[in-house]
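Q: I'd like to ask some things about the structure below.
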Amino acid sequence: MCMKTRTFVDTNLTLNLLDNQLSKPELLIQQLALIALTVILIILLAIFTVHRLRVSDPYIKNILSLTGNPVQGHAIFQMNCAGCHGLQADGRVGPSLQGVSKRKSRFGLIQQVISGETPPMPQFQPSAKEMADLLSYLKTL
Ligand code: HEC
């Protein structure tokens, strides 16, 4: 009688231990999945916020609301940019700009023109309309 109870307790203990061992890796995977999900959410939120901030910049908002004229943009390009990027935008001092609007977003292109972050390319201050025209010309390349 006494033996029986003990065996029962032992078996129960062993089962409990086994249970714990089984559930631990699962718990770990669950925790990792939760962490991964949180990180992904934070990254998405950051991208979304940066995008919102960019779009809410009044100058950029203005540019994006305008329809550029590529002929006008070409004229602006020849006066300001062709000296370095070539008359056909195929590159001289500056790199060729063929297909540049596929490599760079509109934000990236605007940033490139107005920031002056990559000397020797100077910092330009085109009006929103001029920038929209330039963008529409760059898109044709
Ligand atoms: C004094 C020479 C110079 C002038 C003028 C100039 N650029 Fe540039 N541009 C450069 C150089 C050099 C680079 C490469 C910068 C780097 O990435 O290090 C460049 C890079 C660029 C890029 C990025 C190309 C890429 O593949 O990422 C764009 C777009 C661009 N220029 C557009 C323009 C436009 C539009 C104008 C006129 C408003 C202009 N540039 C005027 C020299 C010039």
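We label chains A, B, ... in the order they appear in the structure tokens, count residues from 1 in each chain, and number ligands from 1 in the order shown.
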Report as an NGL selection string all protein, DNA and RNA residues lying within 12 Å of range 102-118 of chain A, evaluated on only C-alpha atoms, omitting residues in the same chain fewer than 3 positions from it.

A: :A and (50-55 or 57 or 59-61 or 63-64 or 77 or 80-81 or 94-95 or 97-99 or 121-128 or 130-141)

Q: What's the separation between atom 3 (C, counted along the ligand's line) of ligand 1 and CA of His74 in chain A, in Å to one decimal place?

A: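 Computed distance, atom 3 (C, counted along the ligand's line) of ligand 1 to CA of His74 in chain A, equals 15.4 Å.
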
Q: How would you write, as a VMD selection string, the set of residues in chain A that DSSP gives as alpha helix (DSSP H)?

A: chain A and resid 2 to 56 58 to 65 70 to 80 82 to 85 100 to 103 106 to 115 128 to 139

Q: Counting only C-alpha atoms and all ligand atoms, figure out which residue out of A:Ala75, A:Leu27, A:Leu44, A:Val93 gets nearest to ligand 1.

A: A:Val93
